[in-house]
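Below is query-v9.cif, holding mmCIF, C-alpha atoms.
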```cif
data_query
loop_
_atom_site.group_PDB
_atom_site.id
_atom_site.type_symbol
_atom_site.label_atom_id
_atom_site.label_comp_id
_atom_site.auth_asym_id
_atom_site.auth_seq_id
_atom_site.Cartn_x
_atom_site.Cartn_y
_atom_site.Cartn_z
ATOM 1 C CA MET A 1 -31.705 -18.933 12.566
ATOM 2 C CA ARG A 2 -28.485 -18.858 14.540
ATOM 3 C CA ARG A 3 -26.929 -22.192 15.341
ATOM 4 C CA GLU A 4 -25.052 -22.930 18.541
ATOM 5 C CA LEU A 5 -21.264 -23.009 18.550
ATOM 6 C CA ILE A 6 -18.858 -25.724 17.492
ATOM 7 C CA VAL A 7 -16.244 -26.248 20.213
ATOM 8 C CA ALA A 8 -12.967 -27.996 19.327
ATOM 9 C CA ILE A 9 -10.586 -29.458 21.925
ATOM 10 C CA ASP A 10 -7.259 -30.730 20.606
ATOM 11 C CA GLY A 11 -4.092 -31.955 22.272
ATOM 12 C CA PRO A 12 -1.881 -34.982 22.913
ATOM 13 C CA SER A 13 -2.915 -38.253 24.505
ATOM 14 C CA GLY A 14 -3.590 -38.083 28.242
ATOM 15 C CA ALA A 15 -4.038 -34.302 28.487
ATOM 16 C CA GLY A 16 -7.593 -34.711 29.794
ATOM 17 C CA LYS A 17 -9.464 -34.000 26.564
ATOM 18 C CA SER A 18 -12.044 -36.772 26.944
ATOM 19 C CA THR A 19 -12.942 -35.873 30.523
ATOM 20 C CA LEU A 20 -13.149 -32.168 29.815
ATOM 21 C CA SER A 21 -15.119 -32.532 26.596
ATOM 22 C CA LYS A 22 -17.768 -34.513 28.482
ATOM 23 C CA LEU A 23 -17.915 -31.994 31.326
ATOM 24 C CA LEU A 24 -17.974 -29.005 28.992
ATOM 25 C CA ALA A 25 -20.704 -30.530 26.815
ATOM 26 C CA ARG A 26 -22.766 -31.290 29.901
ATOM 27 C CA ALA A 27 -22.357 -27.751 31.275
ATOM 28 C CA LEU A 28 -23.338 -26.203 27.945
ATOM 29 C CA ASN A 29 -26.070 -28.747 27.200
ATOM 30 C CA TYR A 30 -24.159 -29.595 24.011
ATOM 31 C CA THR A 31 -23.542 -32.991 22.419
ATOM 32 C CA ASN A 32 -20.131 -34.552 23.071
ATOM 33 C CA ILE A 33 -18.460 -36.267 20.106
ATOM 34 C CA ASP A 34 -15.410 -38.290 21.161
ATOM 35 C CA THR A 35 -13.474 -38.443 17.882
ATOM 36 C CA GLY A 36 -10.565 -40.262 19.512
ATOM 37 C CA ALA A 37 -12.933 -43.092 20.399
ATOM 38 C CA MET A 38 -13.913 -43.302 16.738
ATOM 39 C CA TYR A 39 -10.322 -44.004 15.678
ATOM 40 C CA ARG A 40 -9.979 -46.448 18.569
ATOM 41 C CA CYS A 41 -13.024 -48.279 17.209
ATOM 42 C CA ILE A 42 -11.315 -48.649 13.835
ATOM 43 C CA ALA A 43 -8.154 -49.918 15.558
ATOM 44 C CA LEU A 44 -10.169 -52.466 17.554
ATOM 45 C CA ALA A 45 -12.046 -53.632 14.457
ATOM 46 C CA ALA A 46 -8.781 -53.939 12.514
ATOM 47 C CA SER A 47 -7.207 -55.952 15.328
ATOM 48 C CA ARG A 48 -10.156 -58.308 15.509
ATOM 49 C CA ARG A 49 -10.109 -58.856 11.743
ATOM 50 C CA ASP A 50 -6.327 -59.263 11.569
ATOM 51 C CA ILE A 51 -5.960 -56.296 9.210
ATOM 52 C CA ASP A 52 -2.371 -55.148 8.834
ATOM 53 C CA PRO A 53 -2.130 -51.478 9.939
ATOM 54 C CA ALA A 54 0.022 -50.909 6.843
ATOM 55 C CA ASP A 55 -2.785 -52.131 4.553
ATOM 56 C CA GLU A 56 -4.386 -48.756 3.790
ATOM 57 C CA GLU A 57 -6.862 -50.129 1.252
ATOM 58 C CA SER A 58 -8.336 -52.605 3.735
ATOM 59 C CA LEU A 59 -8.354 -50.010 6.509
ATOM 60 C CA GLY A 60 -10.180 -47.570 4.254
ATOM 61 C CA ARG A 61 -12.872 -50.124 3.462
ATOM 62 C CA LEU A 62 -13.179 -50.875 7.164
ATOM 63 C CA GLY A 63 -13.541 -47.192 8.055
ATOM 64 C CA ARG A 64 -16.340 -46.766 5.536
ATOM 65 C CA SER A 65 -18.197 -49.910 6.560
ATOM 66 C CA VAL A 66 -18.375 -49.885 10.371
ATOM 67 C CA ARG A 67 -21.134 -48.169 12.345
ATOM 68 C CA ILE A 68 -20.037 -46.003 15.285
ATOM 69 C CA GLU A 69 -22.505 -44.523 17.754
ATOM 70 C CA PHE A 70 -22.372 -42.580 21.013
ATOM 71 C CA LEU A 71 -25.072 -43.163 23.618
ATOM 72 C CA ARG A 72 -25.614 -41.145 26.768
ATOM 73 C CA SER A 73 -27.210 -42.895 29.722
ATOM 74 C CA ASN A 74 -27.422 -42.505 33.489
ATOM 75 C CA GLY A 75 -24.255 -44.569 33.751
ATOM 76 C CA GLY A 76 -22.307 -42.205 31.487
ATOM 77 C CA GLU A 77 -21.445 -42.250 27.817
ATOM 78 C CA ARG A 78 -21.079 -45.480 25.873
ATOM 79 C CA VAL A 79 -19.377 -46.173 22.547
ATOM 80 C CA LEU A 80 -20.979 -48.693 20.212
ATOM 81 C CA LEU A 81 -19.200 -50.419 17.343
ATOM 82 C CA ASP A 82 -21.655 -52.137 15.020
ATOM 83 C CA GLY A 83 -24.100 -52.284 17.920
ATOM 84 C CA GLU A 84 -21.604 -53.680 20.476
ATOM 85 C CA ASP A 85 -20.623 -51.678 23.557
ATOM 86 C CA VAL A 86 -16.826 -51.364 23.226
ATOM 87 C CA SER A 87 -16.341 -48.530 25.739
ATOM 88 C CA ALA A 88 -13.810 -50.564 27.739
ATOM 89 C CA ALA A 89 -12.316 -52.625 24.903
ATOM 90 C CA ILE A 90 -11.032 -49.556 23.041
ATOM 91 C CA ARG A 91 -9.125 -48.217 26.078
ATOM 92 C CA THR A 92 -6.474 -50.932 26.493
ATOM 93 C CA PRO A 93 -2.761 -50.058 26.070
ATOM 94 C CA GLU A 94 -2.560 -52.281 22.993
ATOM 95 C CA ILE A 95 -5.419 -50.514 21.226
ATOM 96 C CA SER A 96 -4.012 -47.120 22.244
ATOM 97 C CA LEU A 97 -0.733 -47.832 20.445
ATOM 98 C CA LEU A 98 -2.458 -49.379 17.432
ATOM 99 C CA THR A 99 -4.712 -46.336 17.145
ATOM 100 C CA SER A 100 -1.752 -44.086 16.279
ATOM 101 C CA ARG A 101 -0.854 -46.331 13.335
ATOM 102 C CA VAL A 102 -4.422 -46.742 12.127
ATOM 103 C CA SER A 103 -5.241 -43.024 12.422
ATOM 104 C CA ALA A 104 -2.251 -42.194 10.204
ATOM 105 C CA CYS A 105 -4.024 -43.906 7.280
ATOM 106 C CA LEU A 106 -5.416 -41.252 4.938
ATOM 107 C CA ALA A 107 -8.435 -43.348 3.915
ATOM 108 C CA VAL A 108 -9.405 -43.885 7.557
ATOM 109 C CA ARG A 109 -9.030 -40.182 8.337
ATOM 110 C CA GLU A 110 -11.157 -39.214 5.351
ATOM 111 C CA ALA A 111 -13.932 -41.586 6.429
ATOM 112 C CA MET A 112 -13.865 -40.387 10.044
ATOM 113 C CA VAL A 113 -13.649 -36.689 9.158
ATOM 114 C CA GLU A 114 -16.680 -37.027 6.893
ATOM 115 C CA LEU A 115 -18.614 -38.708 9.698
ATOM 116 C CA GLN A 116 -17.486 -36.130 12.279
ATOM 117 C CA ARG A 117 -18.563 -33.247 10.061
ATOM 118 C CA ARG A 118 -21.998 -34.783 9.578
ATOM 119 C CA MET A 119 -22.349 -35.228 13.330
ATOM 120 C CA GLY A 120 -21.315 -31.668 14.173
ATOM 121 C CA GLU A 121 -22.390 -29.475 11.266
ATOM 122 C CA LYS A 122 -25.499 -28.148 13.031
ATOM 123 C CA GLY A 123 -23.487 -26.854 15.993
ATOM 124 C CA GLY A 124 -24.151 -27.281 19.690
ATOM 125 C CA VAL A 125 -21.321 -29.826 19.863
ATOM 126 C CA VAL A 126 -18.001 -30.364 21.614
ATOM 127 C CA LEU A 127 -15.473 -32.435 19.661
ATOM 128 C CA GLU A 128 -12.120 -33.563 20.971
ATOM 129 C CA GLY A 129 -9.190 -35.078 19.160
ATOM 130 C CA ARG A 130 -5.926 -34.052 17.530
ATOM 131 C CA ASP A 131 -7.005 -32.205 14.391
ATOM 132 C CA ILE A 132 -10.482 -30.889 15.135
ATOM 133 C CA GLY A 133 -9.584 -27.199 15.041
ATOM 134 C CA THR A 134 -7.149 -27.553 12.134
ATOM 135 C CA VAL A 135 -8.792 -30.088 9.787
ATOM 136 C CA VAL A 136 -12.277 -31.215 10.818
ATOM 137 C CA PHE A 137 -13.735 -27.836 11.804
ATOM 138 C CA PRO A 138 -11.156 -25.115 11.100
ATOM 139 C CA GLY A 139 -13.997 -22.601 11.390
ATOM 140 C CA ALA A 140 -15.026 -23.714 14.906
ATOM 141 C CA GLU A 141 -16.007 -20.705 17.000
ATOM 142 C CA ALA A 142 -14.172 -21.906 20.130
ATOM 143 C CA LYS A 143 -10.905 -23.826 19.975
ATOM 144 C CA PHE A 144 -8.717 -25.171 22.783
ATOM 145 C CA PHE A 145 -5.327 -26.878 22.740
ATOM 146 C CA LEU A 146 -4.919 -28.839 25.955
ATOM 147 C CA VAL A 147 -1.439 -29.960 27.003
ATOM 148 C CA ALA A 148 0.418 -31.397 30.009
ATOM 149 C CA SER A 149 3.895 -32.800 30.517
ATOM 150 C CA ALA A 150 4.503 -36.339 29.223
ATOM 151 C CA LYS A 151 5.428 -37.444 32.745
ATOM 152 C CA GLU A 152 2.149 -36.156 34.161
ATOM 153 C CA ARG A 153 0.074 -37.594 31.327
ATOM 154 C CA GLY A 154 1.810 -40.945 31.757
ATOM 155 C CA ARG A 155 1.078 -40.886 35.479
ATOM 156 C CA ARG A 156 -2.599 -40.175 34.853
ATOM 157 C CA ARG A 157 -2.804 -42.964 32.307
ATOM 158 C CA TYR A 158 -1.006 -45.366 34.655
ATOM 159 C CA GLU A 159 -3.443 -44.643 37.500
ATOM 160 C CA GLU A 160 -6.410 -44.992 35.170
ATOM 161 C CA LEU A 161 -5.243 -48.400 33.938
ATOM 162 C CA CYS A 162 -4.424 -49.614 37.456
ATOM 163 C CA ALA A 163 -7.899 -48.624 38.600
ATOM 164 C CA LYS A 164 -9.317 -50.789 35.812
ATOM 165 C CA GLY A 165 -7.259 -53.777 36.951
ATOM 166 C CA HIS A 166 -4.543 -53.702 34.272
ATOM 167 C CA ASP A 167 -1.031 -54.823 35.233
ATOM 168 C CA VAL A 168 1.070 -51.921 33.944
ATOM 169 C CA ASP A 169 4.437 -50.311 34.651
ATOM 170 C CA LEU A 170 4.672 -46.556 35.248
ATOM 171 C CA ALA A 171 7.921 -46.014 33.316
ATOM 172 C CA GLN A 172 6.637 -48.046 30.385
ATOM 173 C CA THR A 173 3.353 -46.108 30.389
ATOM 174 C CA VAL A 174 5.231 -42.788 30.241
ATOM 175 C CA SER A 175 7.348 -44.154 27.374
ATOM 176 C CA GLU A 176 4.196 -45.195 25.518
ATOM 177 C CA VAL A 177 2.765 -41.685 25.925
ATOM 178 C CA GLU A 178 5.975 -40.207 24.498
ATOM 179 C CA ALA A 179 5.873 -42.689 21.601
ATOM 180 C CA ARG A 180 2.257 -41.738 20.896
ATOM 181 C CA ASP A 181 3.226 -38.044 20.902
ATOM 182 C CA ALA A 182 6.008 -38.672 18.389
ATOM 183 C CA ALA A 183 3.760 -40.705 16.102
ATOM 184 C CA ASP A 184 0.917 -38.189 16.216
ATOM 185 C CA SER A 185 3.183 -35.208 15.569
ATOM 186 C CA ALA A 186 5.146 -36.842 12.741
ATOM 187 C CA ARG A 187 2.314 -38.449 10.770
ATOM 188 C CA GLU A 188 1.926 -37.230 7.208
ATOM 189 C CA HIS A 189 -1.820 -36.641 7.268
ATOM 190 C CA ALA A 190 -3.275 -34.115 9.775
ATOM 191 C CA PRO A 191 -0.443 -34.185 12.327
ATOM 192 C CA LEU A 192 -0.998 -33.009 15.878
ATOM 193 C CA VAL A 193 -0.522 -29.238 15.803
ATOM 194 C CA GLN A 194 -2.056 -26.291 17.607
ATOM 195 C CA ALA A 195 -4.416 -24.130 15.544
ATOM 196 C CA PRO A 196 -3.241 -20.477 15.460
ATOM 197 C CA ASP A 197 -6.516 -19.277 17.013
ATOM 198 C CA ALA A 198 -6.761 -21.973 19.703
ATOM 199 C CA VAL A 199 -6.580 -21.116 23.400
ATOM 200 C CA ALA A 200 -3.695 -23.121 24.888
ATOM 201 C CA ILE A 201 -4.175 -24.546 28.380
ATOM 202 C CA ASP A 202 -1.427 -26.404 30.257
ATOM 203 C CA SER A 203 -3.174 -28.743 32.694
ATOM 204 C CA THR A 204 0.010 -30.133 34.277
ATOM 205 C CA VAL A 205 -0.642 -28.420 37.623
ATOM 206 C CA MET A 206 -4.316 -27.543 37.146
ATOM 207 C CA THR A 207 -7.351 -29.426 38.402
ATOM 208 C CA ILE A 208 -10.117 -30.522 36.061
ATOM 209 C CA ASP A 209 -12.440 -27.921 37.600
ATOM 210 C CA GLU A 210 -9.906 -25.149 37.021
ATOM 211 C CA VAL A 211 -9.483 -26.056 33.364
ATOM 212 C CA LEU A 212 -13.248 -26.362 32.914
ATOM 213 C CA ALA A 213 -13.768 -22.890 34.381
ATOM 214 C CA VAL A 214 -11.336 -21.402 31.842
ATOM 215 C CA MET A 215 -13.095 -23.164 28.973
ATOM 216 C CA LEU A 216 -16.555 -22.095 30.087
ATOM 217 C CA GLU A 217 -15.476 -18.462 30.308
ATOM 218 C CA VAL A 218 -14.021 -18.563 26.789
ATOM 219 C CA VAL A 219 -17.158 -20.182 25.375
ATOM 220 C CA ARG A 220 -19.374 -17.694 27.217
ATOM 221 C CA LYS A 221 -17.500 -14.811 25.580
ATOM 222 C CA ARG A 222 -17.658 -16.441 22.133
ATOM 223 C CA ARG A 223 -21.399 -17.011 22.485
ATOM 224 C CA SER A 224 -21.890 -13.405 23.503
ATOM 225 C CA ARG A 225 -19.848 -12.273 20.505
ATOM 226 C CA ALA A 226 -22.071 -14.428 18.266
ATOM 227 C CA GLY A 227 -25.142 -12.647 19.601
ATOM 228 C CA PHE A 228 -26.431 -15.191 22.099
ATOM 229 C CA SER A 229 -27.716 -14.077 25.479
ATOM 230 C CA GLU A 230 -27.383 -16.069 28.712
ATOM 231 C CA ASN A 231 -30.970 -17.278 28.218
ATOM 232 C CA ASP A 232 -30.520 -18.562 24.667
ATOM 233 C CA GLY A 233 -30.047 -22.213 25.600
ATOM 234 C CA GLY A 234 -26.379 -22.241 26.495
ATOM 235 C CA GLU A 235 -25.110 -23.068 29.967
ATOM 236 C CA ARG A 236 -27.498 -24.854 32.239
ATOM 237 C CA PRO A 237 -28.709 -22.864 35.257
#
```
What do you get writing this file as structure tokens?
Amino acid sequence: MRRELIVAIDGPSGAGKSTLSKLLARALNYTNIDTGAMYRCIALAASRRDIDPADEESLGRLGRSVRIEFLRSNGGERVLLDGEDVSAAIRTPEISLLTSRVSACLAVREAMVELQRRMGEKGGVVLEGRDIGTVVFPGAEAKFFLVASAKERGRRRYEELCAKGHDVDLAQTVSEVEARDAADSAREHAPLVQAPDAVAIDSTVMTIDEVLAVMLEVVRKRRSRAGFSENDGGERP
């Protein structure tokens, strides 16, 4: 029996991966797995337990012990950490910066990669992160590398935080995006890098709908190549 595709979306912070992975999964009737939120959950748990981000042994134990779940409801998607809805708590600037340090821990990455593979091995999933197409699922049938200028990504992040009531500075937010880029690209384990067979999309001057249309066309062609017809349970009518 053929299984549906595994779709990987990688790229730097603020490129629109989370939004597009949700929209793409919904359009394809696939399951969306927000891997970035998983690392944010570990960062939040470490912060709450006063675990030093340099303490790899403690972080590894934490990564293997917590329970992370994704729930879809009429109000959108929710992220649960040990049964608690932390959808908002994991999106603060402080947790964003801590996530880069925590995700550089090899033991944490091993725990999360194992969990991600279990979640997505049967296909019919969209996963977004920074190493999905290179480490987690190098054999994914459809891979995208989504980018945008640091200035534009910082602006998007700034507007998102302002809308949520956070008191933030635009220049500082752009600087934090650049710092996150540097940390993600320079980390020893699974650094941010484009897979050779990924389709690169620069969203700097593109709308969400325009990027989504490109992704859907690529996935449609990959499904056709895999032997699926339009009526085989892919895109919703």
Env of Ile6 of chain A: 7 Å cut, atoms = only C-alpha atoms, seq-sep filter 2 positions within chain, self excluded. Answer as a list in words.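 Selected residues are Glu4, Ala8, Gly123, Gly124, Val125, Val126, Ala140, Glu141 and Ala142 of chain A.
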Output C-alpha atoms of each residue in that selection to a file, as a short mmCIF file (atom, residue, chain, number, x, y, z; two decimals), in the frame of the given file.
```
data_model
loop_
_atom_site.label_atom_id
_atom_site.label_comp_id
_atom_site.auth_asym_id
_atom_site.auth_seq_id
_atom_site.Cartn_x
_atom_site.Cartn_y
_atom_site.Cartn_z
CA GLU A 4 -25.05 -22.93 18.54
CA ALA A 8 -12.97 -28.00 19.33
CA GLY A 123 -23.49 -26.85 15.99
CA GLY A 124 -24.15 -27.28 19.69
CA VAL A 125 -21.32 -29.83 19.86
CA VAL A 126 -18.00 -30.36 21.61
CA ALA A 140 -15.03 -23.71 14.91
CA GLU A 141 -16.01 -20.70 17.00
CA ALA A 142 -14.17 -21.91 20.13
#
```
List the residues selected by the PyMOL selection byres ((chain A and resi 161-170) around 12) in the file shown, writing them as a PyMOL selection string. chain A and resi 14+88-89+91-94+96+150-160+171-177
Could you name the residues that touch Glu121 of chain A at 12 Å or less, counting only C-alpha atoms, but leaving out those on the same chain fewer than 6 positions away, as a list of chain:residue names? A:Arg3, A:Glu4, A:Leu5, A:Ile6, A:Val7, A:Thr31, A:Ile33, A:Val113, A:Glu114, A:Leu115, A:Leu127, A:Val136, A:Phe137, A:Gly139, A:Ala140
Write out the residues from the selection above, keeping C-alpha atoms, as a CSV table (one decimal), keeping the file's coordinate frame.
```csv
chain,number,residue,atom,x,y,z
A,3,ARG,CA,-26.9,-22.2,15.3
A,4,GLU,CA,-25.1,-22.9,18.5
A,5,LEU,CA,-21.3,-23.0,18.6
A,6,ILE,CA,-18.9,-25.7,17.5
A,7,VAL,CA,-16.2,-26.2,20.2
A,31,THR,CA,-23.5,-33.0,22.4
A,33,ILE,CA,-18.5,-36.3,20.1
A,113,VAL,CA,-13.6,-36.7,9.2
A,114,GLU,CA,-16.7,-37.0,6.9
A,115,LEU,CA,-18.6,-38.7,9.7
A,127,LEU,CA,-15.5,-32.4,19.7
A,136,VAL,CA,-12.3,-31.2,10.8
A,137,PHE,CA,-13.7,-27.8,11.8
A,139,GLY,CA,-14.0,-22.6,11.4
A,140,ALA,CA,-15.0,-23.7,14.9
```
Can you list, as number ranges by chain, the residues that the PyMOL selection byres ((chain A and resi 212) around 12) selects here? A: 9, 16-17, 19-28, 144, 146, 201, 203, 206-211, 213-219
Atom CA of Asp52 of chain A to atom CA of Asp181 of chain A, straight-line distance in Å: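 Going from atom CA of Asp181 of chain A over to atom CA of Asp52 of chain A, I get 21.7 Å.
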For the structure shown, which residues end up in the PyMOL selection byres ((chain A and resi 39-47) around 9)? Put them as a ChimeraX atom specification, please? /A:35-38,48-53,58-59,62-63,66,68,79-81,86,89-91,95-96,98-103,108-109,112
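Across the model, the gap from atom CA of Glu128 of chain A to atom CA of Ser18 of chain A is 6.8 Å.
Checking A:Leu106, A:Ala111, A:Ala186, A:Leu97 one by one against Arg64 of chain A, counting only C-alpha atoms, you find the shortest gap at A:Ala111.
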Which of these, A:Arg220, A:Lys122, A:Lys143, A:Arg225, has the shortest distance to Val199 of chain A once you count all atoms listed in the file?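 Nearest candidate to Val199 of chain A out of A:Arg220, A:Lys122, A:Lys143, A:Arg225: A:Lys143.
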What are the centre and edge lengths in Å, to one decimal, of the axis-aligned box around all listed atoms of segment 11-27 of chain A with 8 Å added on each side, as lines of an AutoDock Vina configuration file?
```
center_x = -12.3
center_y = -33.0
center_z = 26.8
size_x = 36.9
size_y = 26.5
size_z = 25.1
```
Using all atoms listed in the file: which of A:Val135, A:Arg78, A:Gly11, A:Asp55 has the shortest distance to His189 of chain A: A:Val135
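Interatomic distance, atom CA of Val147 of chain A against atom CA of Ala104 of chain A: 20.8 Å.
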As a tab-separated table (two decimals), keeping the file's coordinate frame, please: segment 61-92 of chain A completed to N, CA and C atoms.
```tsv
chain	number	residue	atom	x	y	z
A	61	ARG	N	-11.60	-49.42	3.60
A	61	ARG	CA	-12.87	-50.12	3.46
A	61	ARG	C	-13.51	-50.33	4.82
A	62	LEU	N	-12.68	-50.66	5.80
A	62	LEU	CA	-13.18	-50.88	7.16
A	62	LEU	C	-13.78	-49.58	7.72
A	63	GLY	N	-13.07	-48.47	7.54
A	63	GLY	CA	-13.54	-47.19	8.06
A	63	GLY	C	-14.87	-46.76	7.45
A	64	ARG	N	-15.09	-47.14	6.21
A	64	ARG	CA	-16.34	-46.77	5.54
A	64	ARG	C	-17.49	-47.72	5.84
A	65	SER	N	-17.17	-48.88	6.39
A	65	SER	CA	-18.20	-49.91	6.56
A	65	SER	C	-18.73	-50.04	7.99
A	66	VAL	N	-17.93	-49.68	8.99
A	66	VAL	CA	-18.38	-49.88	10.37
A	66	VAL	C	-19.37	-48.80	10.79
A	67	ARG	N	-20.16	-49.12	11.79
A	67	ARG	CA	-21.13	-48.17	12.34
A	67	ARG	C	-20.69	-47.79	13.75
A	68	ILE	N	-20.49	-46.51	13.98
A	68	ILE	CA	-20.04	-46.00	15.28
A	68	ILE	C	-21.11	-45.07	15.85
A	69	GLU	N	-21.47	-45.33	17.11
A	69	GLU	CA	-22.50	-44.52	17.75
A	69	GLU	C	-22.08	-44.15	19.17
A	70	PHE	N	-22.59	-43.02	19.64
A	70	PHE	CA	-22.37	-42.58	21.01
A	70	PHE	C	-23.72	-42.50	21.72
A	71	LEU	N	-23.83	-43.16	22.86
A	71	LEU	CA	-25.07	-43.16	23.62
A	71	LEU	C	-24.83	-42.59	25.00
A	72	ARG	N	-25.70	-41.71	25.42
A	72	ARG	CA	-25.61	-41.14	26.77
A	72	ARG	C	-26.68	-41.78	27.63
A	73	SER	N	-26.27	-42.27	28.80
A	73	SER	CA	-27.21	-42.90	29.72
A	73	SER	C	-26.88	-42.43	31.13
A	74	ASN	N	-27.67	-42.89	32.10
A	74	ASN	CA	-27.42	-42.50	33.49
A	74	ASN	C	-26.05	-42.97	33.97
A	75	GLY	N	-25.55	-44.04	33.36
A	75	GLY	CA	-24.26	-44.57	33.75
A	75	GLY	C	-23.09	-43.90	33.04
A	76	GLY	N	-23.37	-42.89	32.22
A	76	GLY	CA	-22.31	-42.20	31.49
A	76	GLY	C	-22.47	-42.39	29.99
A	77	GLU	N	-21.41	-42.14	29.27
A	77	GLU	CA	-21.44	-42.25	27.82
A	77	GLU	C	-20.88	-43.60	27.38
A	78	ARG	N	-21.53	-44.20	26.39
A	78	ARG	CA	-21.08	-45.48	25.87
A	78	ARG	C	-20.75	-45.35	24.39
A	79	VAL	N	-19.78	-46.15	23.95
A	79	VAL	CA	-19.38	-46.17	22.55
A	79	VAL	C	-19.78	-47.51	21.96
A	80	LEU	N	-20.52	-47.47	20.86
A	80	LEU	CA	-20.98	-48.69	20.21
A	80	LEU	C	-20.30	-48.86	18.87
A	81	LEU	N	-19.80	-50.06	18.62
A	81	LEU	CA	-19.20	-50.42	17.34
A	81	LEU	C	-20.05	-51.52	16.73
A	82	ASP	N	-20.73	-51.18	15.66
A	82	ASP	CA	-21.66	-52.14	15.02
A	82	ASP	C	-22.62	-52.73	16.04
A	83	GLY	N	-23.10	-51.88	16.94
A	83	GLY	CA	-24.10	-52.28	17.92
A	83	GLY	C	-23.55	-52.86	19.21
A	84	GLU	N	-22.23	-53.11	19.28
A	84	GLU	CA	-21.60	-53.68	20.48
A	84	GLU	C	-21.00	-52.57	21.34
A	85	ASP	N	-21.22	-52.64	22.64
A	85	ASP	CA	-20.62	-51.68	23.56
A	85	ASP	C	-19.13	-52.01	23.71
A	86	VAL	N	-18.27	-51.13	23.18
A	86	VAL	CA	-16.83	-51.36	23.23
A	86	VAL	C	-16.12	-50.29	24.06
A	87	SER	N	-16.88	-49.64	24.94
A	87	SER	CA	-16.34	-48.53	25.74
A	87	SER	C	-15.07	-48.91	26.47
A	88	ALA	N	-15.00	-50.11	27.02
A	88	ALA	CA	-13.81	-50.56	27.74
A	88	ALA	C	-12.78	-51.17	26.80
A	89	ALA	N	-13.23	-51.91	25.81
A	89	ALA	CA	-12.32	-52.62	24.90
A	89	ALA	C	-11.41	-51.69	24.12
A	90	ILE	N	-11.85	-50.47	23.85
A	90	ILE	CA	-11.03	-49.56	23.04
A	90	ILE	C	-10.02	-48.77	23.88
A	91	ARG	N	-10.00	-49.00	25.20
A	91	ARG	CA	-9.12	-48.22	26.08
A	91	ARG	C	-7.92	-49.00	26.61
A	92	THR	N	-7.62	-50.15	26.04
A	92	THR	CA	-6.47	-50.93	26.49
A	92	THR	C	-5.19	-50.33	25.94
```
